[in-house]
Structures are given as C-alpha cells and as structure tokens.
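**Q** I am sharing input06.csv, which consists of CSV, C-alpha atoms:
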chain,number,residue,atom,x,y,z
I,308,ASP,CA,0.0,0.0,0.0
I,309,VAL,CA,1.4,3.4,-1.0
I,310,LYS,CA,2.2,5.7,1.8
I,311,VAL,CA,3.1,9.2,2.7
I,312,THR,CA,4.1,9.6,6.4
I,313,GLN,CA,4.6,12.7,8.4
I,314,SER,CA,6.8,12.8,11.5
I,315,SER,CA,4.2,14.0,14.0
I,316,ARG,CA,0.4,14.1,14.1
I,317,TYR,CA,0.4,16.8,16.8
I,318,LEU,CA,3.1,19.3,17.7
I,319,VAL,CA,3.3,22.2,20.1
I,320,LYS,CA,6.0,24.8,19.8
I,321,ARG,CA,6.8,28.2,21.3
I,322,THR,CA,7.1,31.5,19.4
I,323,GLY,CA,10.5,32.0,17.9
I,324,GLU,CA,11.4,28.3,17.9
I,325,LYS,CA,12.8,26.6,14.8
I,326,VAL,CA,10.4,23.9,13.7
I,327,PHE,CA,11.1,21.0,11.3
I,328,LEU,CA,8.2,19.0,9.8
I,329,GLU,CA,9.3,15.9,8.0
I,330,CYS,CA,7.5,14.0,5.2
I,331,VAL,CA,8.6,10.7,3.7
I,332,GLN,CA,7.0,8.8,0.7
I,333,ASP,CA,7.7,5.3,-0.3
I,334,MET,CA,6.3,5.5,-3.9
I,335,ASP,CA,9.5,6.8,-5.6
I,336,HIS,CA,7.5,9.9,-6.6
I,337,GLU,CA,9.3,12.8,-8.2
I,338,ASN,CA,6.9,15.5,-7.0
I,339,MET,CA,6.4,16.5,-3.4
I,340,PHE,CA,4.3,19.3,-1.9
I,341,TRP,CA,3.6,21.1,1.4
I,342,TYR,CA,0.2,22.6,2.1
I,343,ARG,CA,-1.4,24.3,5.1
I,344,GLN,CA,-5.1,24.0,5.8
I,345,ASP,CA,-7.0,26.5,7.8
I,346,PRO,CA,-10.8,26.8,8.4
I,347,GLY,CA,-12.5,28.8,5.7
I,348,LEU,CA,-9.3,29.1,3.6
I,349,GLY,CA,-9.0,25.5,2.3
I,350,LEU,CA,-5.7,24.1,1.4
I,351,ARG,CA,-2.9,26.5,0.4
I,352,LEU,CA,0.3,25.5,-1.3
I,353,ILE,CA,3.4,26.6,0.6
I,354,TYR,CA,6.3,25.0,-1.4
I,355,PHE,CA,6.7,22.1,-3.9
I,356,SER,CA,9.6,20.2,-5.4
I,357,TYR,CA,9.9,18.4,-8.7
I,358,ASP,CA,13.2,16.7,-8.0
I,359,VAL,CA,15.9,16.3,-5.4
I,360,LYS,CA,17.4,19.7,-4.4
I,361,MET,CA,14.8,21.5,-6.5
I,362,LYS,CA,12.1,23.7,-4.9
I,363,GLU,CA,9.5,26.1,-6.1
I,364,LYS,CA,7.5,28.6,-4.1
I,365,GLY,CA,3.8,28.0,-3.8
I,366,ASP,CA,1.2,30.6,-3.0
I,367,ILE,CA,2.2,31.4,0.6
I,368,PRO,CA,6.0,30.7,1.1
I,369,GLU,CA,6.7,33.6,3.5
I,370,GLY,CA,8.0,32.4,6.8
I,371,TYR,CA,8.8,28.9,5.5
I,372,SER,CA,11.7,27.1,3.8
I,373,VAL,CA,12.1,23.6,2.5
I,374,SER,CA,14.7,21.0,2.0
I,375,ARG,CA,14.8,18.0,-0.3
I,376,GLU,CA,18.1,16.2,-0.1
I,377,LYS,CA,16.7,12.8,-0.9
I,378,LYS,CA,13.9,11.8,-3.3
I,379,GLU,CA,11.8,10.3,-0.7
I,380,ARG,CA,12.0,13.1,1.9
I,381,PHE,CA,10.7,16.6,1.9
I,382,SER,CA,11.1,18.8,4.9
I,383,LEU,CA,9.3,22.0,5.8
I,384,ILE,CA,11.1,24.4,8.1
I,385,LEU,CA,9.7,27.3,10.1
I,386,GLU,CA,12.8,29.4,10.8
I,387,SER,CA,11.1,31.3,13.7
I,388,ALA,CA,7.7,30.0,14.5
I,389,SER,CA,4.9,32.5,15.0
I,390,THR,CA,1.4,32.2,16.3
I,391,ASN,CA,-0.1,32.8,12.8
I,392,GLN,CA,1.6,29.6,11.7
I,393,THR,CA,-0.7,27.5,13.9
I,394,SER,CA,-2.3,25.3,11.4
I,395,MET,CA,-2.7,21.8,9.9
I,396,TYR,CA,0.2,21.0,7.6
I,397,LEU,CA,-0.2,18.4,4.9
I,398,CYS,CA,2.4,16.8,2.8
I,399,ALA,CA,1.7,15.2,-0.6
I,400,SER,CA,3.5,13.4,-3.4
I,401,SER,CA,2.7,12.6,-7.0
I,402,PRO,CA,4.5,10.8,-9.9
I,403,ILE,CA,5.6,12.9,-12.8
I,404,ASP,CA,4.4,10.5,-15.5
I,405,ARG,CA,0.7,10.5,-14.7
I,406,VAL,CA,-1.5,12.2,-17.2
I,407,TYR,CA,-3.7,13.5,-14.3
I,408,ASN,CA,-2.5,15.1,-11.2
I,409,GLU,CA,-3.2,12.5,-8.6
I,410,GLN,CA,-1.6,13.5,-5.3
I,411,PHE,CA,-1.2,11.2,-2.4
I,412,PHE,CA,-1.5,12.9,1.0
I,413,GLY,CA,-0.1,12.2,4.4
I,414,PRO,CA,-2.2,12.3,7.5
I,415,GLY,CA,-1.3,15.8,8.4
I,416,THR,CA,0.5,17.5,11.3
I,417,ARG,CA,-1.5,19.8,13.6
I,418,LEU,CA,1.0,22.4,14.7
I,419,THR,CA,0.2,24.8,17.6
I,420,VAL,CA,2.5,27.8,18.2
I,421,LEU,CA,2.1,29.3,21.6
M,508,ASP,CA,-8.4,30.9,-6.3
M,509,ALA,CA,-10.3,27.7,-7.1
M,510,LYS,CA,-11.9,27.8,-10.6
M,511,THR,CA,-14.7,25.4,-9.7
M,512,THR,CA,-17.9,26.1,-7.7
M,513,GLN,CA,-19.7,23.6,-5.5
M,514,PRO,CA,-22.5,23.8,-3.0
M,515,PRO,CA,-21.1,24.2,0.5
M,516,SER,CA,-23.0,21.3,2.0
M,517,MET,CA,-25.3,18.4,1.3
M,518,ASP,CA,-27.1,15.7,3.1
M,519,CYS,CA,-27.7,12.1,1.9
M,520,ALA,CA,-29.6,9.2,3.5
M,521,GLU,CA,-27.5,6.1,4.2
M,522,GLY,CA,-27.8,3.6,1.4
M,523,ARG,CA,-29.0,6.2,-1.2
M,524,ALA,CA,-27.0,7.6,-4.0
M,525,ALA,CA,-25.1,10.8,-3.2
M,526,ASN,CA,-24.9,13.2,-6.2
M,527,LEU,CA,-22.4,16.0,-5.8
M,528,PRO,CA,-22.5,18.7,-8.4
M,529,CYS,CA,-19.6,20.9,-9.6
M,530,ASN,CA,-19.5,23.8,-12.1
M,531,HIS,CA,-16.3,24.4,-14.0
M,532,SER,CA,-17.5,26.8,-16.7
M,533,THR,CA,-14.1,28.1,-17.7
M,534,ILE,CA,-12.4,24.7,-18.1
M,535,SER,CA,-10.2,24.4,-21.2
M,536,GLY,CA,-9.8,21.5,-23.6
M,537,ASN,CA,-6.7,19.9,-22.0
M,538,GLU,CA,-7.9,20.2,-18.4
M,539,TYR,CA,-9.2,17.3,-16.5
M,540,VAL,CA,-11.8,17.3,-13.8
M,541,TYR,CA,-10.7,15.4,-10.7
M,542,TRP,CA,-12.3,14.8,-7.3
M,543,TYR,CA,-10.8,14.4,-3.9
M,544,ARG,CA,-12.4,13.9,-0.5
M,545,GLN,CA,-11.2,14.6,3.0
M,546,ILE,CA,-12.5,12.7,5.9
M,547,HIS,CA,-12.2,14.6,9.2
M,548,SER,CA,-8.7,14.7,10.6
M,549,GLN,CA,-7.2,12.9,7.6
M,550,GLY,CA,-5.4,14.1,4.5
M,551,PRO,CA,-7.3,14.4,1.2
M,552,GLN,CA,-7.8,11.3,-0.8
M,553,TYR,CA,-8.0,11.1,-4.6
M,554,ILE,CA,-11.3,9.6,-5.9
M,555,ILE,CA,-11.6,9.8,-9.6
M,556,HIS,CA,-10.7,12.0,-12.7
M,557,GLY,CA,-12.1,12.5,-16.2
M,558,LEU,CA,-11.6,14.5,-19.3
M,559,LYS,CA,-14.6,14.1,-21.6
M,560,ASN,CA,-16.2,10.7,-21.0
M,561,ASN,CA,-18.0,9.4,-18.0
M,562,GLU,CA,-15.8,7.4,-15.6
M,563,THR,CA,-16.4,4.8,-13.0
M,564,ASN,CA,-14.1,3.1,-10.5
M,565,GLU,CA,-14.6,1.2,-7.3
M,566,MET,CA,-15.2,4.3,-5.3
M,567,ALA,CA,-17.5,6.5,-7.5
M,568,SER,CA,-18.8,7.5,-10.9
M,569,LEU,CA,-18.1,10.8,-12.6
M,570,ILE,CA,-20.6,12.2,-15.1
M,571,ILE,CA,-19.3,15.1,-17.2
M,572,THR,CA,-21.7,17.1,-19.4
M,573,GLU,CA,-21.1,17.3,-23.1
M,574,ASP,CA,-20.0,20.9,-23.0
M,575,ARG,CA,-17.7,20.0,-20.0
M,576,LYS,CA,-18.9,23.0,-18.0
M,577,SER,CA,-20.2,20.9,-15.2
M,578,SER,CA,-19.9,17.4,-13.7
M,579,THR,CA,-21.5,15.2,-11.0
M,580,LEU,CA,-19.7,12.8,-8.7
M,581,ILE,CA,-22.0,9.9,-7.8
M,582,LEU,CA,-21.5,7.7,-4.7
M,583,PRO,CA,-24.0,4.9,-5.6
M,584,HIS,CA,-24.7,3.6,-2.1
M,585,ALA,CA,-23.6,6.2,0.5
M,586,THR,CA,-22.4,4.9,3.9
M,587,LEU,CA,-21.7,6.8,7.1
M,588,ARG,CA,-18.0,6.5,6.2
M,589,ASP,CA,-18.6,8.6,3.1
M,590,THR,CA,-19.2,11.6,5.3
M,591,ALA,CA,-16.4,14.0,4.3
M,592,VAL,CA,-15.6,17.2,2.4
M,593,TYR,CA,-15.5,16.6,-1.4
M,594,TYR,CA,-13.4,18.8,-3.6
M,595,CYS,CA,-13.8,19.2,-7.3
M,596,ILE,CA,-10.7,20.5,-9.1
M,597,GLU,CA,-9.9,21.3,-12.7
M,598,GLY,CA,-6.4,21.4,-14.2
M,599,THR,CA,-3.8,19.8,-16.3
M,600,SER,CA,-1.4,17.2,-15.0
M,601,TYR,CA,1.2,19.9,-14.5
M,602,ASP,CA,-0.9,22.4,-12.7
M,603,LYS,CA,-0.8,23.1,-9.0
M,604,VAL,CA,-3.8,21.4,-7.4
M,605,ILE,CA,-6.0,24.2,-6.1
M,606,PHE,CA,-8.5,23.2,-3.5
M,607,GLY,CA,-11.6,25.3,-3.0
M,608,PRO,CA,-13.9,25.0,0.0
M,609,GLY,CA,-15.5,21.9,-1.4
M,610,THR,CA,-18.9,20.3,-0.4
M,611,SER,CA,-19.4,19.0,3.1
M,612,LEU,CA,-21.4,15.8,2.6
M,613,SER,CA,-23.2,14.4,5.6
M,614,VAL,CA,-24.6,10.9,5.3
M,615,ILE,CA,-27.5,10.5,7.7
M,616,PRO,CA,-28.5,7.1,9.2
Give the structure from this file in structure tokens form.
**A**
Amino acid sequence: DVKVTQSSRYLVKRTGEKVFLECVQDMDHENMFWYRQDPGLGLRLIYFSYDVKMKEKGDIPEGYSVSREKKERFSLILESASTNQTSMYLCASSPIDRVYNEQFFGPGTRLTVL
Amino acid sequence: DAKTTQPPSMDCAEGRAANLPCNHSTISGNEYVYWYRQIHSQGPQYIIHGLKNNETNEMASLIITEDRKSSTLILPHATLRDTAVYYCIEGTSYDKVIFGPGTSLSVIP
C-alpha cells in the first residue's frame, strides 16, 4: 500500500522556535508538496519540489523554507515560528508521469505555536 | 483561487446515491476534472478523474456534461464512512492542485 508519512500528528512549539516538519513517501514519486489547511481558507500551497534539491515557491511561502536532499524526503522548516503559523500541515506526493495530477497525501501534522 | 464552484453542504440518506455537483464553466480543452475527498482529521484522498467521457471506479462514478462545463460525482450507495468534504478540481497534470472550500457531505443514518 502506498504511503506518505509525516513525522508527527500533533506538535506544540513556542514562538521563535525553529520547527522541522518531516515528510517521507515510499512510492518513488518525483513531486512533493507542502500545504497548510485553515478553516475557511481551504488548502494553500506553501512549497513544492519536482526533484531532489529543487524547490519552487507556492502561494504562501513567506516564513517557510524547505529541503529536499533525498527523493523520498521533503522537509518543511519554520525558521522562527509565529502564532499565525498555527495550522494543519499536509504533505503530498505525485508521480511525474501521470496524465492526471493525482496526489497522495499524508495524515497531516497539527501544529500549535504558543 | 479555485476555478470550480460547489454547494457548501449536502445531506444524503445512508444507502441512497449521493450526487455531488460541480461547475467548471471556464475549463479548457486539455484540463481534467478530478475529485478528492477529506474525511475529518485525515489528509485528502484522490477519488476519480475524467476528461470528456464518464468514468467509474470502485469508489464512485463521474458524469461530465457534453459541454464540459459541469460534472457530477456519484457515490452509488452512500455509507456513514462517506461523510467528508468533497473537492472538485480542474487542471492539467502539471498544474498546481488548487483546493476550494468543497462540499461537506453528511450521510444520515
């Protein structure tokens, strides 16, 4: 069974802390994505990556960075967490050779910044 | 912003067919329609996609109008586990997936 896993389901951090959210997929997918989901705003794309060491900004990259050193792993970094980054964070992956854009999502990490 | 429009919520009796509509009046010729759903506290799950023809898989059927300006996702025998938010999305395989607010489907016992 294909799988996207995220390092934590729930995380509580303090303002100003550096936060790492990890995502691993076992499907050998080229594409990986980070979204955040907030009530009333739907899913918003933060960053995505089409290949190792490549990254592209999504719609709301401010305050975030990413790292993709290996194909299966895509990390989201909050350099200095702030309360407005309290949210559900979702990682997804997809293969590059599909004619349709089927993304496989992880279970999500609910981050609370105090 | 999402390019599709969906009703914000719907109810369906358990065991009946759930028909979820979606308008995508600006869809272009090479764009697919695809559907995801998100059960509470889980990540979205891909359901089905289509271009012009109607499609069916083990989860659902997708009916696309001839002019491609709208479509309907059909869950033939809704169960309580089908209670979720359903997202209709249009795009090519290389577009970013843009999720709108979706339709919150409640399956009632």
**Q** Which polymer residues have any atom within 8 Å of an atom of range 589-604 of chain M, counting all atoms listed in the file, with same-chain residues fewer than 2 positions away left out, as a PyMOL selection string?
**A** (chain I and resi 405-408) or (chain M and resi 509-511+513+529+531+534+537-547+585-587+606-614)
**Q** Select residues of chain I: the criterion is any atom within 10 Å of an atom of chain M, counting only C-alpha atoms; output as number ranges by chain.
**A** I: 311, 316, 340, 344, 346-352, 355, 365-366, 395-399, 403-417
**Q** Quick one: residues within 6 Å of Leu569 in chain M, only C-alpha atoms counted, chain neighbours fewer than 4 positions away excluded, as a PyMOL selection string?
**A** chain M and resi 561-562+579-580
**Q** For CA of Ser577 in chain M and CA of Asn526 in chain M, quote the distance in Å rounded to one decimal.
**A** 12.7 Å
**Q** Using all atoms listed in the file, can you tell me which of I:Gln313, I:Thr419, I:Asn338, I:Thr322 comes closest to Pro402 in chain I?
**A** I:Asn338
**Q** With all atoms listed in the file as the counted atoms, please give the residues lying no more than 8 Å from Leu421 in chain I, apart from itself and same-chain residues fewer than 5 positions off, as a short mmCIF file (atom, residue, chain, number, x, y, z; two decimals) with C-alpha atoms, in the frame of the given file.
**A**
data_model
loop_
_atom_site.label_atom_id
_atom_site.label_comp_id
_atom_site.auth_asym_id
_atom_site.auth_seq_id
_atom_site.Cartn_x
_atom_site.Cartn_y
_atom_site.Cartn_z
CA VAL I 319 3.30 22.20 20.10
CA LYS I 320 6.00 24.80 19.80
CA ARG I 321 6.80 28.20 21.30
CA THR I 322 7.10 31.50 19.40
CA SER I 389 4.90 32.50 15.00
CA THR I 390 1.40 32.20 16.30
#
**Q** Please report the interatomic distance between CA of Pro583 in chain M and CA of Lys310 in chain I in Å with one decimal.
**A**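 Going from CA of Pro583 in chain M over to CA of Lys310 in chain I, I get 27.2 Å.
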**Q** Please report the interatomic distance between CA of Leu582 in chain M and CA of Gly522 in chain M in Å with one decimal.
**A**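 That distance, rounded to one decimal, is 9.7 Å.
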**Q** Report as a PyMOL selection string all protein, DNA and RNA residues lying within 9 Å of Glu329 in chain I, evaluated on only C-alpha atoms, omitting residues in the same chain fewer than 5 positions from it.
**A** chain I and resi 312-315+380-384+398
**Q** Give me a file of those residues, with C-alpha atoms, as a PDB file, in the frame of the given file.
**A**
ATOM      1  CA  THR I 312       4.100   9.600   6.400  1.00  0.00           C
ATOM      2  CA  GLN I 313       4.600  12.700   8.400  1.00  0.00           C
ATOM      3  CA  SER I 314       6.800  12.800  11.500  1.00  0.00           C
ATOM      4  CA  SER I 315       4.200  14.000  14.000  1.00  0.00           C
ATOM      5  CA  ARG I 380      12.000  13.100   1.900  1.00  0.00           C
ATOM      6  CA  PHE I 381      10.700  16.600   1.900  1.00  0.00           C
ATOM      7  CA  SER I 382      11.100  18.800   4.900  1.00  0.00           C
ATOM      8  CA  LEU I 383       9.300  22.000   5.800  1.00  0.00           C
ATOM      9  CA  ILE I 384      11.100  24.400   8.100  1.00  0.00           C
ATOM     10  CA  CYS I 398       2.400  16.800   2.800  1.00  0.00           C
TER      11      CYS I 398
END
**Q** Which is closest to Ser401 in chain I among I:Glu386, I:Glu379, I:Glu363, I:Glu369, if we use all atoms listed in the file?
**A** I:Glu379
**Q** Go through I:Gly370, I:Ser387, I:Lys378, I:Glu337 one by one, measure the shortest atom-to-atom distance of each to Lys325 in chain I using only C-alpha atoms, and give the residue with the smallest value.
**A**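 Of I:Gly370, I:Ser387, I:Lys378, I:Glu337, the one nearest Lys325 in chain I is I:Ser387, counting only C-alpha atoms.
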**Q** Point out the residue among I:Ser400, I:Leu418, I:Gln392, I:Leu328 with the least atom-to-atom distance to Ser374 in chain I, counting all atoms listed in the file.
**A**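 Of I:Ser400, I:Leu418, I:Gln392, I:Leu328, the one nearest Ser374 in chain I is I:Leu328, counting all atoms listed in the file.
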